[in-house]
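Let me begin by presenting the structure, written as structure tokens, before commenting on it.
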There are 2 protein chains.
Amino acid sequence: MDFLPDDVVEIPDDTFATALAEMTIALGADAVLTGDEATEFRDPFQPEQWTAFWPGAVVQPTTAEQVQDVVRIAVRHGIPLWSQGQGRNNGYGGAAPRVSGGITVNFRRMNRVLELDEELCYALVEPGVSFQQLHEEIRARGLQLMVSVPDLGWGSLAGNALEHGLTYLPNGKDFMAVCGMEVVTGDGSLLRTNMGAMTGNESWNLYRRSLGPSLDQLFMQSNLGIVTKIGIWLAPAYETIQMVDVDVYREDDLAPLVDILRRLRLDGTVEGVPCILNTLLLASTMGQRSEHSTADPSRPLTDSDIDEIAQRLDLGRWHLRLALYGDEPVVEHHFAKVRRAFEAIPGARVTGTRTTPAEGPGLPNPSHRVYAGVPDLDWKDMGGWYGGTRGGHMSFAPVAPLKGETVLALHRWMRTFFEARGFDYTADIIVGNARSVCHVTGITYDQDDLEATEMAYRTLQDLVRAAGELGYGEYRAHVHYMDLAQAQYDFGDHAYLRFVEKIKDAVDPAGIFSPGKQGIWPRHLREDRA
Amino acid sequence: MDFLPDDVVEIPDDTFATALAEMTIALGADAVLTGDEATEFRDPFQPEQWTAFWPGAVVQPTTAEQVQDVVRIAVRHGIPLWSQGQGRNNGYGGAAPRVSGGITVNFRRMNRVLELDEELCYALVEPGVSFQQLHEEIRARGLQLMVSVPDLGWGSLAGNALEHGLTYLPNGKDFMAVCGMEVVTGDGSLLRTNMGAMTGNESWNLYRRSLGPSLDQLFMQSNLGIVTKIGIWLAPAYETIQMVDVDVYREDDLAPLVDILRRLRLDGTVEGVPCILNTLLLASTMGQRSEHSTADPSRPLTDSDIDEIAQRLDLGRWHLRLALYGDEPVVEHHFAKVRRAFEAIPGARVTGTRTTPAEGPGLPNPSHRVYAGVPDLDWKDMGGWYGGTRGGHMSFAPVAPLKGETVLALHRWMRTFFEARGFDYTADIIVGNARSVCHVTGITYDQDDLEATEMAYRTLQDLVRAAGELGYGEYRAHVHYMDLAQAQYDFGDHAYLRFVEKIKDAVDPAGIFSPGKQGIWPRHLREDRA
């Protein structure tokens with residue numbers, strides 16, 4: 001299966017057994033999962049017959065000291081580790097490791113909220129704390145705080161942040177909710193970033209920098225250490241939240257939608273992270289394809305099929321969701337301005353729902369709950385477009401300038417690419433900052449249809465390559481095409497990769513931290529693969 | 001002089017001459033400064049008799065290719081380089097290198113504005129472009145853009161940003177104006193960060209991250225490469241700017257001032273970077289000590305001396321400056337809220353000046369011009385408090401949580417520390433984000449008074465050590481106590497420093513990039529010093 005990079009690390013059985021026995025002593029028997037217990041930590045959307053990206057075992061430490069033990073044992077025996085938080089990153093491979101046969105470090109049992117500071121609006125959490133857990137703790141304590149959350153609230157704050165996962169409140173924009181980490185490094189040391197590098201310094205999670213180079217961003221989407229604590233900035237409970245939903249009815253309306261939004265983002269009218277969703281993305285959150293259309297599933301839906309779905313669901317071809325936060329008169333002014341701006345697009349519909357943080361959990365629209373900082377699982381089944389509960393989905397997500405003409409052209413090109421291979425095209429254009437988008441496209445398939453699944457894998461790989469030729473790169477990569485995605489970053493004879501590889505070899509000489517993550521390999525595996 | 005860490009690199013004369021000759025061939029004779037021509041690139045506030053931190057020569061490249069040539073020649077001959085932009089970082093040592101006898105790379109001649117994009121609000125500049133130059137170019141082209149500037153506008157955008165220099169507009173907060181760099185690395189490669197790592201990717205200066213670990217923050221305040229291009233985010237010209245000045249008249253009013261400001265920063269009422277200045281800081285911008293007070297200069301000014309100065313200058317004991325940006329009705333609402341909030345402090349005076357970006361250059365108050373994005377040199381002579389034109393100044397700037405009680409206690413402790421050693425105490429508490437401050441204290445001295453100058457050096461060193469014991473670390477360090485400032489970051493047996501040293505040795509094996517910067521040394525110099 002040439003489309004499935006099925007790397008397996010070669011470890012003698014007795015070496016693996018010895019390492020696992022040592023970890024069992026260090027962590028306790030209930031912290032070590034093998035055989036069927038470890039099955040959950042594979043790619044949930046890979047057909048069962050395929051065997052790429054399988055962990056040899058899973059360990060679930062509960063303290064930083066236990067993580068240090070795991071790292072020291074792994075270094076001693078040369079066992080690759082693969083670390084995540086809850087392991088819910090399903091659109092990109094879930095908990096699955098790039099290299100099979102190693103040990104996955106999962107943090108579901110290391111989930112204490114260590115600090116929750118209402119005055120300074122931040123939390124310090126262990127890597128297993130989920131969005132849902134933190135939100136519940138804030139409510140239980142009656143604190144006037146809001147968490148910037150993603151669409152699915154079961155993942156961990158750390159896992160999401162460390163993968164550059166997007167969240168939607170103002171303090172989540174530009175991936176900037178993180179401040180300060182504790183990290184177990186390749187020599188088993190415990191490092192704290194920023195001001196945390198000084199014992200007793202109370203600004204660890206309040207100031208983003210070090211004296212010297214700052215490391216928070218170096219430990220994100222990387223394999224240079226294992227994060228054991230992370231600071232997350234929260235928002236105060238705003239007086240008012242104004243949900244804004246904009247529907248436009250022609251595909252080309254994407255261009256003015258983007259240009260208007262850019263101006264509103266740049267001048268501070270709209271903070272936070274708006275999304276522009278196409279009809280089929282929203283339809284996929286409300287049932288599988290066969291519930292929406294009787295069209296032949298072997299060919300992609302046509303424009304008129306999509307228009308029909310849009311009409312029945314009372315949606316546009318594009319649906320922009322955003323929220324305004326602040327004092328009532330400010331929100332009032334900004335909403336009027338936003339409405340006026342978007343209503344300049346012929347036929348556009350702008351609707352508004354005014355609410356408060358306290359009312360968030362009761363809002364009927366899942367998007368509204370999310371923009372009110374309420375974690376949600378409503379969109380959990382959107383991968384079932386084809387195949388229902390056996391549906392799989394994967395994402396391809398290039399970054400592009402926030403310019404109408406550019407975003408529309410990229411959209412058209414990707415839609416054509418998907419449809420030419422028989423797939424419907426879903427788009428979630430996430431406006432992470434005021435100048436660029438992460439253009440997340442989803443491909444869904446029936447896992448029981450091996451031919452379709454293989455086609456989905458091949459389509460994404462072809463797309464990564466073709467987009468790279470056009471100058472578009474991904475903001476994150478599915479485990480099955482991480483190398484290919486990284487290979488597109490070719491400036492200066494791949495100067496970025498060569499530089500990061502030097503760092504990798506220096507700080508992780510045993511090459512145990514998540515080998516292959518984002519296409520970054522330790523020296524001995526680079527040589528094996530060359 | 002045990003207080004002056006006078007490291008000199010040992011390079012045989014003929015090796016240095018050969019290297020310089022090769023650089024002269026590569027860059028042209030007018031790009032190489034030696035002898036008296038290089039004098040300007042020493043610490044401007046060090047007495048002439050002292051000889052620490054002297055460059056052996058200065059080179060002024062004009063292209064990235066020339067920088068690559070300089071790096072390759074330096075690697076070949078083992079010559080330390082020390083790079084800056086304009087070299088105006090005077091309060092921390094100016095252009096002066098940590099190690100004497102190497103070659104300083106200065107960018108005054110590499111100063112092209114490569115891109116200036118009104119639609120997406122950013123600039124791509126070479127490292128010598130100053131705030132003044134960019135501002136003039138924006139005005140000359142009639143673009144509706146604003147630059148976030150520091151108090152003195154002669155420095156370069158790159159030099160300021162790379163040293164974690166603070167600027168004051170909303171897009172400058174949290175040091176986040178930077179997006180995307182081009183860097184010459186230790187093997188002479190040209191690396192581009194973020195999406196720039198892909199040839200032809202147009203999101204280089206629009207999206208902050210890489211696929212894999214992101215490097216922008218790694219190249220800031222560091223010695224891992226030389227930055228040859230940098231992306232800077234700009235703001236659109238806001239409809240309204242509301243300058244707000246708050247004076248409070250008792251020293252203890254600092255605590256409520258900070259607490260009120262924190263709440264206004266956290267809920268988004270106040271964006272940008274406010275500053276809280278004490279009376280003497282402001283007085284120092286308006287003339288030397290003898291012009292303000294007849295008090296004996298050999299002892300620090302007393303509270304009643306300071307009250308007298310405050311009264312004559314019509315200032316509080318603390319003066320908060322901030323600005324509100326946005327649409328007129330929003331600014332109106334926020335200003336009323338800000339006024340109400342601060343007037344709760346008994347005796348507080350809140351004044352407002354409403355203006356626009358176009359009116360900025362004509363504003364009489366230099367702080368107002370700066371908050372309108374207009375570069376300025378009005379505060380250039382504030383170091384002349386003692387000694388007038390022969391005055392020197394140095395800064396000590398710990399980071400602290402944005403909590404009234406904490407900031408007040410830190411202030412009191414530092415004031416006592418300075419005054420016990422005979423110095424007046426100036427404070428500029430810069431609120432770089434909504435959760436922490438950079439508490440910049442200045443010490444000024446007469447360079448012709450060697451005893452006072454030595455006392456100033458010793459005072460800062462003692463302060464770095466004593467503050468470290470209390471858990472306070474610096475956000476940047478003067479060249480003369482970089483090692484000491486770094487030594488305070490001791491968590492995990494100095495895990496941060498050990499980790500960064502591994503990176504340093506891996507990416508700069510010849511150890512040529514700014515050795516000793518922020519206390520980070522290449523391996524061979526660590527061993528020499530051990």
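Labeling convention for the structure tokens: chains A, B, ... as they appear, residues from 1 per chain, ligands from 1 in order of appearance.
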
Can you pull out the residues contacting Tyr481 of chain B? Cut-off 9 Å, using only C-alpha atoms, and skip same-chain residues under 5 positions away; I want them as a compact mmCIF listing (two decimals) with C-alpha atoms, in the first residue's frame.
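part35.txt, freshly written:
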```txt
# COMPACT_ATOMS: atom_id res chain seq x y z
CA PHE B 3 32.07 44.94 38.25
CA LEU B 4 32.89 45.09 34.53
CA PRO B 5 32.92 41.67 32.81
CA TYR B 457 27.07 49.45 37.77
CA LEU B 460 22.34 47.21 39.12
CA GLN B 461 24.31 44.02 39.63
CA VAL B 464 19.67 41.72 39.66
CA GLN B 486 20.53 34.75 33.17
CA GLN B 518 21.57 37.15 27.38
CA GLY B 519 24.12 34.93 29.12
```

Just the residues within 8 Å of Leu257 of chain B, please, counting only C-alpha atoms, with nothing from its chain fewer than 6 positions along; format it as a CSV table (one decimal) with C-alpha atoms, in the first residue's frame.
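Printed below is result-v2.csv as written:
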```
chain,number,residue,atom,x,y,z
B,342,PHE,CA,-10.1,55.9,37.7
B,345,ILE,CA,-9.3,56.9,43.3
B,404,GLY,CA,-1.8,46.4,42.6
```

At a cut-off of 7 Å, which residues of chain A touch chain B? Count only C-alpha atoms and give the answer as a ChimeraX atom specification.
/A:120,189-193,195,197-203,206-207,210-215,217-222,236,238,266-267,330,399-401,435-436,471-476,486,488-492,495-496,499,502-503,506-507,518

Spatial neighbours of segment 75-79 of chain A, max dist 9 Å, only C-alpha atoms, sep filter under 4 positions, as number ranges by chain
A: 9, 11, 15-16, 18-19, 70-71, 101-103, 186-188, 509-512

Selected residues written out with C-alpha atoms, as a PDB file, in the first residue's frame:
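The result, written out as selection-v1.pdb:
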```pdb
ATOM      1  CA  VAL A   9      10.415   0.754  14.630  1.00  0.00           C
ATOM      2  CA  ILE A  11      12.896  -3.153  18.704  1.00  0.00           C
ATOM      3  CA  THR A  15      14.003  -4.977  24.951  1.00  0.00           C
ATOM      4  CA  PHE A  16      10.440  -3.784  24.533  1.00  0.00           C
ATOM      5  CA  THR A  18      11.987  -4.922  29.659  1.00  0.00           C
ATOM      6  CA  ALA A  19      11.167  -1.264  28.996  1.00  0.00           C
ATOM      7  CA  VAL A  70       9.087   7.160  31.180  1.00  0.00           C
ATOM      8  CA  VAL A  71      11.496   9.363  29.233  1.00  0.00           C
ATOM      9  CA  GLY A 101       5.630  -0.310  17.609  1.00  0.00           C
ATOM     10  CA  GLY A 102       6.571   2.350  20.099  1.00  0.00           C
ATOM     11  CA  ILE A 103       4.882   3.514  23.291  1.00  0.00           C
ATOM     12  CA  GLY A 186      15.503  14.588  26.336  1.00  0.00           C
ATOM     13  CA  ASP A 187      17.889  14.281  29.281  1.00  0.00           C
ATOM     14  CA  GLY A 188      14.994  13.791  31.687  1.00  0.00           C
ATOM     15  CA  PRO A 509      19.897  12.650  20.863  1.00  0.00           C
ATOM     16  CA  ALA A 510      18.206   9.284  21.506  1.00  0.00           C
ATOM     17  CA  GLY A 511      15.500  10.303  19.035  1.00  0.00           C
ATOM     18  CA  ILE A 512      12.646   9.090  21.232  1.00  0.00           C
TER      19      ILE A 512
END
```

Please identify the strand (DSSP E or B) residues within segment 412-479 of chain B (assignment by DSSP from backbone atoms) and present them as a list in words.
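Going through segment 412-479 of chain B, the strand (DSSP E or B) residues come out as Thr426, Ala427, Asp428, Ile429, Ile430, Ser436, Val437, Cys438, His439, Val440, Thr441, Gly442, Ile443, Thr444, Tyr445, Asp446 and Glu474 of chain B.
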
So that I have them on file, write out the residues from the current selection with all heavy atoms, as a CSV table (one decimal), in the first residue's frame.
```
chain,number,residue,atom,x,y,z
B,426,THR,N,13.7,56.4,39.1
B,426,THR,CA,12.7,56.6,38.1
B,426,THR,C,12.0,55.3,37.7
B,426,THR,O,12.7,54.3,37.7
B,426,THR,CB,13.3,57.3,36.8
B,426,THR,OG1,14.2,56.4,36.2
B,426,THR,CG2,14.0,58.6,37.1
B,427,ALA,N,10.7,55.4,37.4
B,427,ALA,CA,10.0,54.2,37.1
B,427,ALA,C,9.1,54.4,35.9
B,427,ALA,O,8.4,55.4,35.8
B,427,ALA,CB,9.1,53.7,38.3
B,428,ASP,N,9.1,53.4,35.0
B,428,ASP,CA,8.2,53.4,33.9
B,428,ASP,C,7.6,52.0,33.8
B,428,ASP,O,8.3,51.0,33.4
B,428,ASP,CB,9.0,53.7,32.6
B,428,ASP,CG,8.1,53.7,31.3
B,428,ASP,OD1,6.9,53.4,31.5
B,428,ASP,OD2,8.6,54.0,30.3
B,429,ILE,N,6.4,51.8,34.4
B,429,ILE,CA,5.8,50.5,34.5
B,429,ILE,C,5.0,50.3,33.3
B,429,ILE,O,3.9,50.9,33.1
B,429,ILE,CB,5.0,50.5,35.8
B,429,ILE,CG1,5.8,50.8,37.0
B,429,ILE,CG2,4.3,49.1,35.9
B,429,ILE,CD1,5.1,51.0,38.3
B,430,ILE,N,5.5,49.4,32.4
B,430,ILE,CA,4.9,49.3,31.1
B,430,ILE,C,4.0,48.1,31.1
B,430,ILE,O,4.4,46.9,31.4
B,430,ILE,CB,6.0,49.1,30.0
B,430,ILE,CG1,7.0,50.3,30.1
B,430,ILE,CG2,5.4,49.1,28.6
B,430,ILE,CD1,8.1,50.3,29.1
B,436,SER,N,0.6,41.2,33.1
B,436,SER,CA,1.9,41.4,33.6
B,436,SER,C,2.4,42.8,33.2
B,436,SER,O,1.9,43.4,32.3
B,436,SER,CB,2.9,40.3,33.2
B,436,SER,OG,3.0,40.3,31.8
B,437,VAL,N,3.5,43.2,34.0
B,437,VAL,CA,4.1,44.5,33.6
B,437,VAL,C,5.6,44.2,33.4
B,437,VAL,O,6.2,43.3,33.9
B,437,VAL,CB,4.0,45.5,34.7
B,437,VAL,CG1,2.5,45.9,35.0
B,437,VAL,CG2,4.7,45.1,36.0
B,438,CYS,N,6.3,45.1,32.6
B,438,CYS,CA,7.7,45.2,32.6
B,438,CYS,C,8.0,46.5,33.4
B,438,CYS,O,7.7,47.6,33.0
B,438,CYS,CB,8.3,45.3,31.2
B,438,CYS,SG,8.0,43.9,30.2
B,439,HIS,N,8.5,46.3,34.6
B,439,HIS,CA,8.7,47.4,35.6
B,439,HIS,C,10.1,48.0,35.3
B,439,HIS,O,11.1,47.6,36.0
B,439,HIS,CB,8.6,46.8,37.0
B,439,HIS,CG,8.4,47.8,38.0
B,439,HIS,ND1,7.4,47.7,39.0
B,439,HIS,CD2,9.0,49.0,38.3
B,439,HIS,CE1,7.4,48.8,39.8
B,439,HIS,NE2,8.4,49.6,39.4
B,440,VAL,N,10.2,48.9,34.4
B,440,VAL,CA,11.5,49.5,33.9
B,440,VAL,C,11.9,50.6,34.9
B,440,VAL,O,11.2,51.6,35.0
B,440,VAL,CB,11.4,50.0,32.5
B,440,VAL,CG1,12.8,50.6,32.1
B,440,VAL,CG2,10.9,49.0,31.5
B,441,THR,N,13.0,50.4,35.6
B,441,THR,CA,13.5,51.4,36.5
B,441,THR,C,14.8,51.9,35.8
B,441,THR,O,15.6,51.1,35.2
B,441,THR,CB,13.9,50.8,37.8
B,441,THR,OG1,14.9,49.8,37.6
B,441,THR,CG2,12.7,50.2,38.5
B,442,GLY,N,15.0,53.2,35.9
B,442,GLY,CA,16.3,53.7,35.3
B,442,GLY,C,17.2,54.2,36.4
B,442,GLY,O,16.8,54.7,37.4
B,443,ILE,N,18.5,54.0,36.1
B,443,ILE,CA,19.5,54.6,37.0
B,443,ILE,C,20.3,55.5,36.1
B,443,ILE,O,20.7,55.1,35.0
B,443,ILE,CB,20.3,53.5,37.7
B,443,ILE,CG1,21.1,54.0,38.9
B,443,ILE,CG2,21.2,52.8,36.7
B,443,ILE,CD1,21.6,53.0,39.8
B,444,THR,N,20.5,56.7,36.6
B,444,THR,CA,21.2,57.7,35.7
B,444,THR,C,22.5,58.1,36.5
B,444,THR,O,22.5,58.1,37.8
B,444,THR,CB,20.4,58.9,35.3
B,444,THR,OG1,19.8,59.5,36.5
B,444,THR,CG2,19.3,58.5,34.4
B,445,TYR,N,23.5,58.5,35.8
B,445,TYR,CA,24.8,58.9,36.5
B,445,TYR,C,25.5,59.8,35.5
B,445,TYR,O,25.3,59.9,34.3
B,445,TYR,CB,25.6,57.6,36.8
B,445,TYR,CG,25.8,56.7,35.6
B,445,TYR,CD1,26.9,56.9,34.7
B,445,TYR,CD2,24.9,55.8,35.3
B,445,TYR,CE1,27.0,56.1,33.6
B,445,TYR,CE2,25.0,55.0,34.2
B,445,TYR,CZ,26.1,55.1,33.3
B,445,TYR,OH,26.2,54.4,32.2
B,446,ASP,N,26.5,60.5,36.1
B,446,ASP,CA,27.4,61.4,35.4
B,446,ASP,C,28.6,60.6,34.9
B,446,ASP,O,29.4,60.1,35.8
B,446,ASP,CB,27.8,62.6,36.3
B,446,ASP,CG,28.7,63.5,35.6
B,446,ASP,OD1,29.2,63.2,34.5
B,446,ASP,OD2,28.9,64.6,36.1
B,474,GLU,N,14.4,39.6,34.8
B,474,GLU,CA,14.4,40.7,33.9
B,474,GLU,C,13.8,40.3,32.5
B,474,GLU,O,14.0,39.2,32.1
B,474,GLU,CB,15.8,41.2,33.6
B,474,GLU,CG,16.3,42.1,34.7
B,474,GLU,CD,16.9,43.3,34.1
B,474,GLU,OE1,18.0,43.1,33.6
B,474,GLU,OE2,16.4,44.4,34.0
```

Name the residues in contact with Thr353 of chain B at a cut-off of 9 Å, using only C-alpha atoms, excluding same-chain residues fewer than 6 positions from it; report them as a PDB file with C-alpha atoms, in the first residue's frame.
```pdb
ATOM      1  CA  ILE B 241      -7.836  58.047  19.042  1.00  0.00           C
ATOM      2  CA  GLN B 242      -8.652  59.085  22.589  1.00  0.00           C
ATOM      3  CA  MET B 243      -5.588  59.968  24.653  1.00  0.00           C
ATOM      4  CA  VAL B 244      -6.175  59.414  28.346  1.00  0.00           C
ATOM      5  CA  ASP B 245      -3.926  60.811  31.076  1.00  0.00           C
ATOM      6  CA  HIS B 368       0.366  61.642  22.651  1.00  0.00           C
TER       7      HIS B 368
END
```

Using only C-alpha atoms, determine which residues lie at most 6 Å from Val58 of chain B, disregarding the query and same-chain residues fewer than 6 positions distant; provide the list as an MDAnalysis selection string.
chainID B and resid 32:33 103:105

Go ahead and write the residues just picked, all heavy atoms, as a PDB file, in the first residue's frame.
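Result file result_39.pdb:
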```
ATOM      1  N   VAL B  32      33.142  48.802   5.705  1.00  0.00           N
ATOM      2  CA  VAL B  32      33.961  48.327   6.825  1.00  0.00           C
ATOM      3  C   VAL B  32      34.514  49.519   7.601  1.00  0.00           C
ATOM      4  O   VAL B  32      35.175  50.393   7.035  1.00  0.00           O
ATOM      5  CB  VAL B  32      35.120  47.439   6.304  1.00  0.00           C
ATOM      6  CG1 VAL B  32      35.979  46.956   7.463  1.00  0.00           C
ATOM      7  CG2 VAL B  32      34.564  46.249   5.519  1.00  0.00           C
ATOM      8  N   LEU B  33      34.196  49.562   8.901  1.00  0.00           N
ATOM      9  CA  LEU B  33      34.633  50.673   9.741  1.00  0.00           C
ATOM     10  C   LEU B  33      35.614  50.138  10.791  1.00  0.00           C
ATOM     11  O   LEU B  33      35.331  49.147  11.453  1.00  0.00           O
ATOM     12  CB  LEU B  33      33.444  51.307  10.462  1.00  0.00           C
ATOM     13  CG  LEU B  33      32.223  51.681   9.604  1.00  0.00           C
ATOM     14  CD1 LEU B  33      31.094  52.228  10.477  1.00  0.00           C
ATOM     15  CD2 LEU B  33      32.609  52.699   8.540  1.00  0.00           C
ATOM     16  N   ILE B 103      33.642  41.375  15.483  1.00  0.00           N
ATOM     17  CA  ILE B 103      33.154  42.263  14.427  1.00  0.00           C
ATOM     18  C   ILE B 103      31.655  42.499  14.617  1.00  0.00           C
ATOM     19  O   ILE B 103      30.884  41.550  14.745  1.00  0.00           O
ATOM     20  CB  ILE B 103      33.454  41.668  13.031  1.00  0.00           C
ATOM     21  CG1 ILE B 103      34.976  41.669  12.818  1.00  0.00           C
ATOM     22  CG2 ILE B 103      32.729  42.447  11.931  1.00  0.00           C
ATOM     23  CD1 ILE B 103      35.427  41.052  11.502  1.00  0.00           C
ATOM     24  N   THR B 104      31.294  43.759  14.662  1.00  0.00           N
ATOM     25  CA  THR B 104      29.897  44.125  14.801  1.00  0.00           C
ATOM     26  C   THR B 104      29.254  44.225  13.414  1.00  0.00           C
ATOM     27  O   THR B 104      29.847  44.815  12.504  1.00  0.00           O
ATOM     28  CB  THR B 104      29.784  45.457  15.558  1.00  0.00           C
ATOM     29  OG1 THR B 104      30.104  45.219  16.929  1.00  0.00           O
ATOM     30  CG2 THR B 104      28.385  46.050  15.452  1.00  0.00           C
ATOM     31  N   VAL B 105      28.087  43.614  13.283  1.00  0.00           N
ATOM     32  CA  VAL B 105      27.337  43.714  12.027  1.00  0.00           C
ATOM     33  C   VAL B 105      26.211  44.717  12.267  1.00  0.00           C
ATOM     34  O   VAL B 105      25.299  44.457  13.050  1.00  0.00           O
ATOM     35  CB  VAL B 105      26.749  42.352  11.611  1.00  0.00           C
ATOM     36  CG1 VAL B 105      25.992  42.468  10.289  1.00  0.00           C
ATOM     37  CG2 VAL B 105      27.846  41.300  11.513  1.00  0.00           C
TER      38      VAL B 105
END
```
